[in-house]
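Chemist: Input file: data_5.pdb. Contents: PDB, C-alpha atoms.
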```pdb
MODEL        1
ATOM      1  CA  MET A 543      13.191  26.334  -8.658
ATOM      2  CA  LYS A 544      13.825  29.340 -10.866
ATOM      3  CA  LEU A 545      15.426  29.733 -14.258
ATOM      4  CA  THR A 546      16.734  33.024 -15.587
ATOM      5  CA  ARG A 547      17.537  33.753 -19.192
ATOM      6  CA  ARG A 548      19.265  36.920 -20.440
ATOM      7  CA  TYR A 549      18.187  38.733 -23.595
ATOM      8  CA  ARG A 550      19.467  41.928 -25.201
ATOM      9  CA  PHE A 551      17.939  44.697 -27.227
ATOM     10  CA  SER A 552      19.105  48.090 -28.389
ATOM     11  CA  ALA A 553      16.723  51.016 -28.526
ATOM     12  CA  SER A 554      16.514  54.782 -28.368
ATOM     13  CA  HIS A 555      14.291  57.000 -26.249
ATOM     14  CA  ARG A 556      13.786  60.522 -24.988
ATOM     15  CA  LEU A 557      12.673  61.326 -21.453
ATOM     16  CA  ASP A 558      10.074  64.067 -21.698
ATOM     17  CA  THR A 559       6.659  64.409 -20.092
ATOM     18  CA  PRO A 560       3.841  66.604 -21.402
ATOM     19  CA  ALA A 561       2.903  67.265 -17.765
ATOM     20  CA  LEU A 562       5.873  69.615 -17.467
ATOM     21  CA  THR A 563       7.152  72.606 -19.435
ATOM     22  CA  ALA A 564      10.141  72.331 -21.770
ATOM     23  CA  ALA A 565      12.319  74.068 -19.186
ATOM     24  CA  GLU A 566      11.067  71.796 -16.401
ATOM     25  CA  ASN A 567      11.678  68.683 -18.520
ATOM     26  CA  GLN A 568      15.194  69.867 -19.287
ATOM     27  CA  LYS A 569      15.865  70.502 -15.623
ATOM     28  CA  LEU A 570      14.390  67.153 -14.520
ATOM     29  CA  TYR A 571      15.759  64.790 -17.143
ATOM     30  CA  GLY A 572      18.969  66.627 -18.118
ATOM     31  CA  LYS A 573      20.835  64.940 -20.973
ATOM     32  CA  CYS A 574      18.042  62.356 -21.289
ATOM     33  CA  ASN A 575      15.748  65.170 -22.494
ATOM     34  CA  ASN A 576      17.808  65.798 -25.660
ATOM     35  CA  PRO A 577      15.097  66.445 -28.319
ATOM     36  CA  PHE A 578      16.801  64.132 -30.801
ATOM     37  CA  GLY A 579      16.799  61.192 -28.388
ATOM     38  CA  HIS A 580      19.615  58.811 -27.491
ATOM     39  CA  GLY A 581      19.963  55.046 -27.060
ATOM     40  CA  HIS A 582      21.095  52.149 -24.919
ATOM     41  CA  ASP A 583      21.973  48.471 -25.151
ATOM     42  CA  TYR A 584      19.462  47.034 -22.721
ATOM     43  CA  THR A 585      19.763  43.636 -21.083
ATOM     44  CA  LEU A 586      16.561  41.898 -20.045
ATOM     45  CA  ASP A 587      16.695  39.028 -17.540
ATOM     46  CA  VAL A 588      13.484  37.002 -17.515
ATOM     47  CA  THR A 589      13.002  34.642 -14.547
ATOM     48  CA  VAL A 590      10.447  31.847 -14.545
ATOM     49  CA  GLU A 591       9.540  29.645 -11.604
ATOM     50  CA  GLY A 592       8.106  26.160 -11.426
ATOM     51  CA  ALA A 593       8.684  22.508 -10.720
ATOM     52  CA  VAL A 594      11.154  20.447 -12.721
ATOM     53  CA  ASP A 595       9.224  18.239 -15.153
ATOM     54  CA  ALA A 596       9.963  14.755 -16.518
ATOM     55  CA  THR A 597      12.469  16.213 -18.993
ATOM     56  CA  GLY A 598      14.479  17.683 -16.098
ATOM     57  CA  GLN A 599      13.495  21.228 -16.998
ATOM     58  CA  ILE A 600      11.367  24.008 -15.524
ATOM     59  CA  THR A 601      10.695  25.179 -19.042
ATOM     60  CA  ASP A 602      11.805  24.461 -22.570
ATOM     61  CA  ARG A 603      14.417  27.109 -23.366
ATOM     62  CA  ARG A 604      13.290  27.437 -26.968
ATOM     63  CA  ALA A 605       9.680  27.969 -25.892
ATOM     64  CA  LEU A 606      10.753  30.717 -23.471
ATOM     65  CA  ASP A 607      12.985  32.282 -26.115
ATOM     66  CA  ALA A 608      10.093  32.265 -28.581
ATOM     67  CA  VAL A 609       7.777  34.025 -26.109
ATOM     68  CA  VAL A 610      10.309  36.765 -25.314
ATOM     69  CA  ASP A 611      11.276  37.123 -28.961
ATOM     70  CA  GLU A 612       7.683  37.520 -30.119
ATOM     71  CA  LYS A 613       6.391  39.700 -27.278
ATOM     72  CA  ILE A 614       9.452  41.862 -26.647
ATOM     73  CA  LEU A 615      12.507  41.609 -28.870
ATOM     74  CA  GLN A 616      10.722  41.811 -32.199
ATOM     75  CA  ARG A 617       8.802  44.857 -30.990
ATOM     76  CA  TYR A 618      11.483  46.676 -28.969
ATOM     77  CA  ASP A 619      14.831  45.907 -30.597
ATOM     78  CA  HIS A 620      16.209  48.691 -32.786
ATOM     79  CA  ARG A 621      13.168  50.867 -32.163
ATOM     80  CA  ASN A 622      12.549  54.255 -30.642
ATOM     81  CA  LEU A 623      10.811  53.376 -27.374
ATOM     82  CA  SER A 624       9.244  56.837 -27.152
ATOM     83  CA  LYS A 625       7.740  56.658 -30.646
ATOM     84  CA  ASP A 626       7.545  53.103 -31.938
ATOM     85  CA  VAL A 627       6.503  50.893 -29.017
ATOM     86  CA  ALA A 628       2.780  50.855 -28.312
ATOM     87  CA  ASP A 629       3.263  49.230 -24.887
ATOM     88  CA  LEU A 630       4.712  52.532 -23.648
ATOM     89  CA  ASN A 631       2.027  54.690 -25.191
ATOM     90  CA  GLY A 632       1.590  57.747 -23.007
ATOM     91  CA  MET A 633       4.336  56.808 -20.584
ATOM     92  CA  VAL A 634       7.769  58.365 -20.354
ATOM     93  CA  ALA A 635      10.271  55.724 -21.484
ATOM     94  CA  THR A 636      12.145  55.547 -18.194
ATOM     95  CA  THR A 637      13.519  52.099 -17.446
ATOM     96  CA  GLU A 638      11.033  51.868 -14.561
ATOM     97  CA  ASN A 639       8.164  52.274 -17.023
ATOM     98  CA  LEU A 640       9.909  49.997 -19.495
ATOM     99  CA  ALA A 641      10.081  47.247 -16.862
ATOM    100  CA  TRP A 642       6.397  47.716 -16.149
ATOM    101  CA  ALA A 643       5.478  47.589 -19.867
ATOM    102  CA  ILE A 644       7.602  44.508 -20.497
ATOM    103  CA  ARG A 645       6.106  42.671 -17.525
ATOM    104  CA  ALA A 646       2.588  43.518 -18.730
ATOM    105  CA  ALA A 647       3.384  42.416 -22.300
ATOM    106  CA  LEU A 648       4.848  39.125 -21.089
ATOM    107  CA  LEU A 649       1.960  38.391 -18.713
ATOM    108  CA  GLU A 650      -0.708  38.943 -21.354
ATOM    109  CA  GLU A 651      -1.650  35.424 -22.517
ATOM    110  CA  TRP A 652       1.522  33.948 -20.975
ATOM    111  CA  PRO A 653       1.628  30.507 -22.618
ATOM    112  CA  LEU A 654       4.139  28.573 -20.510
ATOM    113  CA  ARG A 655       3.535  26.150 -17.642
ATOM    114  CA  ALA A 656       6.270  27.803 -15.566
ATOM    115  CA  ARG A 657       5.048  31.108 -14.164
ATOM    116  CA  LEU A 658       6.738  34.440 -14.819
ATOM    117  CA  SER A 659       8.587  35.341 -11.623
ATOM    118  CA  ARG A 660      10.592  38.488 -12.343
ATOM    119  CA  VAL A 661      11.855  40.879 -14.993
ATOM    120  CA  ARG A 662      15.160  42.681 -14.499
ATOM    121  CA  ILE A 663      16.323  45.307 -16.943
ATOM    122  CA  SER A 664      19.601  47.124 -17.141
ATOM    123  CA  GLU A 665      19.703  50.331 -19.157
ATOM    124  CA  THR A 666      23.449  50.514 -18.710
ATOM    125  CA  ALA A 667      25.690  48.351 -16.563
ATOM    126  CA  ARG A 668      25.183  50.927 -13.802
ATOM    127  CA  ASN A 669      21.365  51.213 -13.790
ATOM    128  CA  ILE A 670      19.306  48.111 -13.083
ATOM    129  CA  PHE A 671      15.560  47.790 -12.418
ATOM    130  CA  GLU A 672      13.621  44.776 -11.130
ATOM    131  CA  LEU A 673       9.935  43.940 -10.966
ATOM    132  CA  GLU A 674       8.423  40.860  -9.384
ATOM    133  CA  ALA A 675       5.678  39.332 -11.514
TER     134      ALA A 675
ATOM    135  CA  MET B 514      23.358  37.542   6.709
ATOM    136  CA  LEU B 515      23.987  35.915   3.346
ATOM    137  CA  LEU B 516      27.424  34.743   2.270
ATOM    138  CA  THR B 517      28.072  33.746  -1.344
ATOM    139  CA  ARG B 518      31.079  31.920  -2.713
ATOM    140  CA  ARG B 519      31.693  31.301  -6.403
ATOM    141  CA  ALA B 520      33.413  28.341  -8.055
ATOM    142  CA  GLU B 521      33.846  27.267 -11.666
ATOM    143  CA  PHE B 522      34.049  23.956 -13.463
ATOM    144  CA  SER B 523      34.078  23.020 -17.115
ATOM    145  CA  ALA B 524      32.318  19.876 -18.232
ATOM    146  CA  SER B 525      30.613  18.221 -21.149
ATOM    147  CA  HIS B 526      27.151  16.713 -21.179
ATOM    148  CA  VAL B 527      24.325  15.433 -23.339
ATOM    149  CA  CYS B 528      20.736  16.374 -22.624
ATOM    150  CA  ALA B 529      19.004  13.177 -23.644
ATOM    151  CA  ASN B 530      16.858  10.604 -21.894
ATOM    152  CA  PRO B 531      18.298   7.128 -22.605
ATOM    153  CA  SER B 532      14.785   5.671 -22.781
ATOM    154  CA  LEU B 533      13.897   7.923 -25.739
ATOM    155  CA  SER B 534      15.089   7.796 -29.340
ATOM    156  CA  ASP B 535      17.619  10.261 -30.753
ATOM    157  CA  SER B 536      14.897  12.021 -32.703
ATOM    158  CA  GLU B 537      12.622  12.250 -29.645
ATOM    159  CA  ASN B 538      15.474  13.686 -27.591
ATOM    160  CA  ALA B 539      16.322  16.180 -30.344
ATOM    161  CA  ALA B 540      12.686  17.299 -30.358
ATOM    162  CA  ILE B 541      12.828  17.969 -26.598
ATOM    163  CA  TYR B 542      16.365  19.237 -26.051
ATOM    164  CA  GLY B 543      17.383  20.579 -29.483
ATOM    165  CA  MET B 544      21.117  20.968 -30.075
ATOM    166  CA  ALA B 545      21.804  19.919 -26.471
ATOM    167  CA  ALA B 546      20.799  16.354 -27.421
ATOM    168  CA  ASN B 547      23.827  15.792 -29.678
ATOM    169  CA  PRO B 548      24.833  12.225 -28.634
ATOM    170  CA  ASN B 549      28.552  13.027 -28.662
ATOM    171  CA  GLY B 550      28.095  15.792 -26.116
ATOM    172  CA  HIS B 551      29.052  19.440 -25.855
ATOM    173  CA  GLY B 552      30.470  21.539 -23.043
ATOM    174  CA  HIS B 553      30.065  24.564 -20.817
ATOM    175  CA  ASN B 554      32.058  26.670 -18.406
ATOM    176  CA  TYR B 555      29.745  26.300 -15.434
ATOM    177  CA  VAL B 556      29.790  28.872 -12.656
ATOM    178  CA  VAL B 557      28.212  27.972  -9.328
ATOM    179  CA  GLU B 558      27.360  30.541  -6.666
ATOM    180  CA  VAL B 559      26.657  29.010  -3.270
ATOM    181  CA  SER B 560      24.819  31.183  -0.756
ATOM    182  CA  ILE B 561      24.839  30.397   2.963
ATOM    183  CA  GLU B 562      22.603  32.043   5.541
ATOM    184  CA  GLY B 563      23.649  32.642   9.114
ATOM    185  CA  GLU B 564      24.914  35.211  11.604
ATOM    186  CA  PRO B 565      28.593  36.013  12.118
ATOM    187  CA  ASP B 566      30.112  33.960  14.947
ATOM    188  CA  SER B 567      30.673  36.116  18.023
ATOM    189  CA  VAL B 568      34.310  35.030  18.274
ATOM    190  CA  THR B 569      35.463  34.649  14.650
ATOM    191  CA  GLY B 570      33.249  37.305  13.053
ATOM    192  CA  MET B 571      32.488  34.837  10.244
ATOM    193  CA  VAL B 572      29.273  33.195   9.040
ATOM    194  CA  PHE B 573      31.300  30.314   7.635
ATOM    195  CA  ASP B 574      35.017  29.616   7.332
ATOM    196  CA  LEU B 575      35.734  30.456   3.670
ATOM    197  CA  ARG B 576      38.673  28.066   3.581
ATOM    198  CA  GLU B 577      36.438  25.234   4.733
ATOM    199  CA  LEU B 578      33.766  26.291   2.232
ATOM    200  CA  LYS B 579      36.337  26.237  -0.560
ATOM    201  CA  GLU B 580      37.402  22.735   0.479
ATOM    202  CA  ILE B 581      33.774  21.541   0.562
ATOM    203  CA  LEU B 582      33.106  23.017  -2.896
ATOM    204  CA  ASN B 583      36.248  21.438  -4.293
ATOM    205  CA  ALA B 584      35.564  18.031  -2.745
ATOM    206  CA  GLN B 585      31.856  17.853  -3.578
ATOM    207  CA  VAL B 586      31.608  19.718  -6.892
ATOM    208  CA  VAL B 587      34.759  20.932  -8.616
ATOM    209  CA  ASP B 588      36.997  17.875  -8.225
ATOM    210  CA  PRO B 589      34.330  15.341  -9.279
ATOM    211  CA  MET B 590      32.867  17.462 -12.129
ATOM    212  CA  ASP B 591      35.646  19.608 -13.605
ATOM    213  CA  HIS B 592      36.806  18.406 -17.020
ATOM    214  CA  ARG B 593      34.440  15.445 -16.925
ATOM    215  CA  PHE B 594      31.714  14.122 -19.197
ATOM    216  CA  LEU B 595      28.834  14.370 -16.722
ATOM    217  CA  ASN B 596      26.696  11.616 -18.288
ATOM    218  CA  ARG B 597      29.498   9.059 -18.257
ATOM    219  CA  GLU B 598      31.626   9.964 -15.273
ATOM    220  CA  VAL B 599      29.493  11.696 -12.640
ATOM    221  CA  PRO B 600      26.612   9.792 -11.022
ATOM    222  CA  PRO B 601      23.633  10.201 -11.025
ATOM    223  CA  PHE B 602      23.904  11.664 -14.535
ATOM    224  CA  ASP B 603      24.239   8.195 -16.019
ATOM    225  CA  LYS B 604      20.525   7.939 -15.151
ATOM    226  CA  VAL B 605      19.406  11.560 -14.650
ATOM    227  CA  VAL B 606      19.476  13.979 -17.596
ATOM    228  CA  PRO B 607      22.086  16.652 -16.720
ATOM    229  CA  THR B 608      19.947  19.680 -17.473
ATOM    230  CA  THR B 609      20.966  22.876 -15.678
ATOM    231  CA  GLU B 610      18.090  22.266 -13.267
ATOM    232  CA  ASN B 611      19.153  18.698 -12.435
ATOM    233  CA  VAL B 612      22.844  19.620 -12.057
ATOM    234  CA  ALA B 613      21.883  22.435  -9.664
ATOM    235  CA  GLN B 614      19.737  20.030  -7.625
ATOM    236  CA  GLU B 615      22.580  17.510  -7.459
ATOM    237  CA  ILE B 616      24.976  20.231  -6.294
ATOM    238  CA  TRP B 617      22.443  21.150  -3.591
ATOM    239  CA  ARG B 618      22.193  17.497  -2.485
ATOM    240  CA  ARG B 619      25.987  17.228  -2.277
ATOM    241  CA  LEU B 620      26.528  20.512  -0.423
ATOM    242  CA  ALA B 621      23.649  20.769   2.042
ATOM    243  CA  PRO B 622      24.794  17.962   4.386
ATOM    244  CA  ALA B 623      28.339  19.355   4.446
ATOM    245  CA  ILE B 624      27.270  22.948   5.101
ATOM    246  CA  ASP B 625      24.154  22.813   7.284
ATOM    247  CA  ARG B 626      24.862  23.101  11.013
ATOM    248  CA  PRO B 627      23.234  24.871  13.959
ATOM    249  CA  ASN B 628      22.276  28.421  12.911
ATOM    250  CA  VAL B 629      23.891  28.039   9.465
ATOM    251  CA  ARG B 630      22.198  26.658   6.380
ATOM    252  CA  LEU B 631      22.616  26.396   2.643
ATOM    253  CA  LYS B 632      20.224  29.009   1.226
ATOM    254  CA  ASN B 633      20.656  28.938  -2.549
ATOM    255  CA  VAL B 634      22.633  27.288  -5.324
ATOM    256  CA  ARG B 635      22.822  29.407  -8.460
ATOM    257  CA  LEU B 636      24.249  27.537 -11.416
ATOM    258  CA  TYR B 637      25.198  29.391 -14.588
ATOM    259  CA  GLU B 638      25.412  27.146 -17.635
ATOM    260  CA  THR B 639      26.334  30.167 -19.741
ATOM    261  CA  ALA B 640      26.474  33.873 -18.936
ATOM    262  CA  ASP B 641      22.920  34.098 -20.326
ATOM    263  CA  LEU B 642      21.288  31.171 -18.501
ATOM    264  CA  TYR B 643      21.200  30.251 -14.843
ATOM    265  CA  VAL B 644      18.954  28.435 -12.397
ATOM    266  CA  ASP B 645      18.401  29.064  -8.686
ATOM    267  CA  CYS B 646      17.847  26.005  -6.504
ATOM    268  CA  ASP B 647      16.702  26.412  -2.893
ATOM    269  CA  GLY B 648      16.383  22.696  -2.244
ATOM    270  CA  ASP B 649      12.850  22.284  -3.583
ATOM    271  CA  ALA B 650      12.279  20.595  -6.907
TER     272      ALA B 650
ENDMDL
END
```
Can you turn what I pasted into structure tokens?

Modeler:
Amino acid sequence: MKLTRRYRFSASHRLDTPALTAAENQKLYGKCNNPFGHGHDYTLDVTVEGAVDATGQITDRRALDAVVDEKILQRYDHRNLSKDVADLNGMVATTENLAWAIRAALLEEWPLRARLSRVRISETARNIFELEA
Amino acid sequence: MLLTRRAEFSASHVCANPSLSDSENAAIYGMAANPNGHGHNYVVEVSIEGEPDSVTGMVFDLRELKEILNAQVVDPMDHRFLNREVPPFDKVVPTTENVAQEIWRRLAPAIDRPNVRLKNVRLYETADLYVDCDGDA
């Protein structure tokens, strides 16, 4: 059985890669290359999978919330993803890379009995990215 | 092909094991252990797997599915106190997981037939928490 919990964080970023020239970055990323950056209200759906235990739960909700709060929300919320978040160091802060960084951060010393199954991130209601864990 | 139908019911519950003390239950379930109960607007999404019938063009008759959902889930659970009025939750703690499993147990026999089977029960307790049950614990 799987349990999915939704979290939210708001952050800014700028899409720009040093592998390309300024003109190439502008052409590739368009508005997302604005030098001053811009931001989104992200939603993060974290899915865990496991057997139901004697309490009738796959996982304690507060324990899951604490893991996501410590590993992600406290470090990503109201930050500039391109400047402030070490997990993304060297990577363009696309939502694809963000999903990868969040999965890696969650998996590192994952403390819960239920295993991490999936992360799903929406940058806006129209752009959604999923990674199996 | 996968067909999904949604239904809603509102119900109250207490997440507490009767064999434990109030303080032990509060330590496990937090605010959800309040002995007087609290409520949710549950949303259940039932997914059925099959191929469209060669004559009707349908995987499952949606009118029949609606009647099954009403008879097995919505009518017995809507505007009820799950622990007191809806077996087995007098004995089984009505966590989201256990309610989803009970919905699966109620629906599978009514839905499963040759070449058609219940594939998933997704139960939202709130917009920010849901479980997926595929019949396994």

Chemist: List as a PyMOL selection string the protein and nucleic acid residues near A:Ala667, meaning an atom at most 10 Å away when all atoms listed in the file are counted, but skip any in the same chain fewer than 3 places from it.

Modeler: chain A and resi 583-585+663-664+670

Chemist: Take the PyMOL selection byres ((chain B and resi 526-542) around 8), apply it to the structure above, and return the hits as JSON, numbers by chain.

Modeler: {"A": [597, 602], "B": [524, 525, 543, 544, 545, 546, 547, 548, 549, 550, 551, 552, 594, 595, 596, 604, 605, 606, 607, 608]}

Chemist: Check what the PyMOL selection byres ((chain A and resi 675) around 10) selects in the file above and give those residues as a list of chain:residue names.

Modeler: A:Thr589, A:Val590, A:Trp642, A:Arg645, A:Ala646, A:Leu648, A:Leu649, A:Arg657, A:Leu658, A:Ser659, A:Arg660, A:Val661, A:Glu672, A:Leu673, A:Glu674

Chemist: Within 7 Å of chain B, which residues of chain A show up? Give each one with its shortest atom-to-atom distance in Å (one decimal) and the two atoms involved, counting only C-alpha atoms, rows by chain then rising residue number, as a tab-separated table.

Modeler:
```
residue	atom	partner	partner_atom	distance
A:Met543	CA	B:Cys646	CA	5.1
A:Lys544	CA	B:Asp645	CA	5.1
A:Leu545	CA	B:Val644	CA	4.2
A:Thr546	CA	B:Tyr643	CA	5.3
A:Arg547	CA	B:Leu642	CA	4.6
A:Arg548	CA	B:Asp641	CA	4.6
A:Ala593	CA	B:Ala650	CA	5.6
A:Val594	CA	B:Ala650	CA	5.9
A:Gly598	CA	B:Thr608	CA	6.0
A:Gln599	CA	B:Glu610	CA	6.0
```

Chemist: Mind writing the picked residues with C-alpha atoms as a short mmCIF file (atom, residue, chain, number, x, y, z; two decimals), in the frame of the given file?

Modeler:
```cif
data_model
loop_
_atom_site.label_atom_id
_atom_site.label_comp_id
_atom_site.auth_asym_id
_atom_site.auth_seq_id
_atom_site.Cartn_x
_atom_site.Cartn_y
_atom_site.Cartn_z
CA MET A 543 13.19 26.33 -8.66
CA LYS A 544 13.82 29.34 -10.87
CA LEU A 545 15.43 29.73 -14.26
CA THR A 546 16.73 33.02 -15.59
CA ARG A 547 17.54 33.75 -19.19
CA ARG A 548 19.26 36.92 -20.44
CA ALA A 593 8.68 22.51 -10.72
CA VAL A 594 11.15 20.45 -12.72
CA GLY A 598 14.48 17.68 -16.10
CA GLN A 599 13.50 21.23 -17.00
#
```

Chemist: A:Arg604, A:His555, A:Arg621, A:Lys613: which is nearest A:Val634, counting all atoms listed in the file?

Modeler: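 Smallest separation from A:Val634 among the options: A:His555.
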
Chemist: Work out where the centre of an axis-aligned box around every listed atom of stretch 575-578 of chain B lies and how long its edges are once 4 Å is added on each side; give both in Å to one decimal as lines of an AutoDock Vina configuration file.

Modeler:
```
center_x = 36.2
center_y = 27.8
center_z = 3.5
size_x = 12.9
size_y = 13.2
size_z = 10.5
```

Chemist: For a cut-off of 12 Å around (27.3, 25.0, 18.8), file coordinates, pick out all residues using only C-alpha atoms and list them as a list in words.

Modeler: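 Applying the cut-off with only C-alpha atoms, one gets Asp566, Ser567, Arg626, Pro627, Asn628 and Val629 of chain B.
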
Chemist: Identify all residues satisfying the PyMOL selection byres ((chain A and resi 558-561) around 12) in the given file; provide them as a list in words.

Modeler: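 Against this file, the PyMOL selection byres ((chain A and resi 558-561) around 12) returns the residues His555, Arg556, Leu557, Leu562, Thr563, Ala564, Ala565, Glu566, Asn567, Gln568, Lys569, Leu570, Tyr571, Gly572, Lys573, Cys574, Asn575, Asn576, Pro577, Phe578, Gly579, Ser624, Lys625, Asn631, Gly632, Met633, Val634, Ala635 and Thr636 of chain A.
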
Chemist: For the atom pair atom CA of B:Val586 and atom CA of B:Met514, what is the interatomic distance in Å to one decimal place?

Modeler: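 Computing the Euclidean distance for atom CA of B:Val586 and atom CA of B:Met514 yields 23.9 Å.
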
Chemist: Any idea what's packed within 6 Å of A:Arg662, counting all atoms listed in the file, ignoring anything in its chain fewer than 5 positions away? Could you give it as a PDB file with C-alpha atoms, in the coordinates of the input?

Modeler:
```pdb
ATOM      1  CA  LEU A 586      16.561  41.898 -20.045  1.00  0.00           C
ATOM      2  CA  ASP A 587      16.695  39.028 -17.540  1.00  0.00           C
ATOM      3  CA  PHE A 671      15.560  47.790 -12.418  1.00  0.00           C
ATOM      4  CA  GLU A 672      13.621  44.776 -11.130  1.00  0.00           C
TER       5      GLU A 672
END
```

Chemist: Please report the interatomic distance between atom CA of A:Ile644 and atom CA of A:Leu630 in Å with one decimal.

Modeler: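 These two atoms are separated by 9.1 Å.
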
Chemist: Between atom CA of B:Leu578 and atom CA of B:Asp603, what is the distance, to one decimal in Å?

Modeler: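 About the pair atom CA of B:Leu578 and atom CA of B:Asp603: they are 27.4 Å apart.
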
Chemist: Need to verify the contact set: B:Arg519, 12 Å, all atoms listed in the file, exclusion of same-chain residues closer than 3 positions in sequence. Can you return it as a list in words?

Modeler: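 Surrounding residues, per the criterion: Leu516, Phe522, Tyr555, Val556, Val557, Glu558, Val559, Ser560, Ile561, Leu575, Leu578, Lys579, Leu582, Asn583, Val586, Val587, Asn633, Val634, Arg635, Leu636 and Tyr637 of chain B.
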
Chemist: Kindly extract all protein, DNA and RNA residues lying within 9 Å of the coordinates (4.3, 33.7, -28.2) given in the file, considering all atoms listed in the file, and supply them as a PyMOL selection string.

Modeler: chain A and resi 605-606+608-613+648+651-653

Chemist: From the options B:Arg576, B:His553, B:Ile581, B:Ala520, which residue's atoms come nearest to B:Arg619, counting all atoms listed in the file?

Modeler: B:Ile581
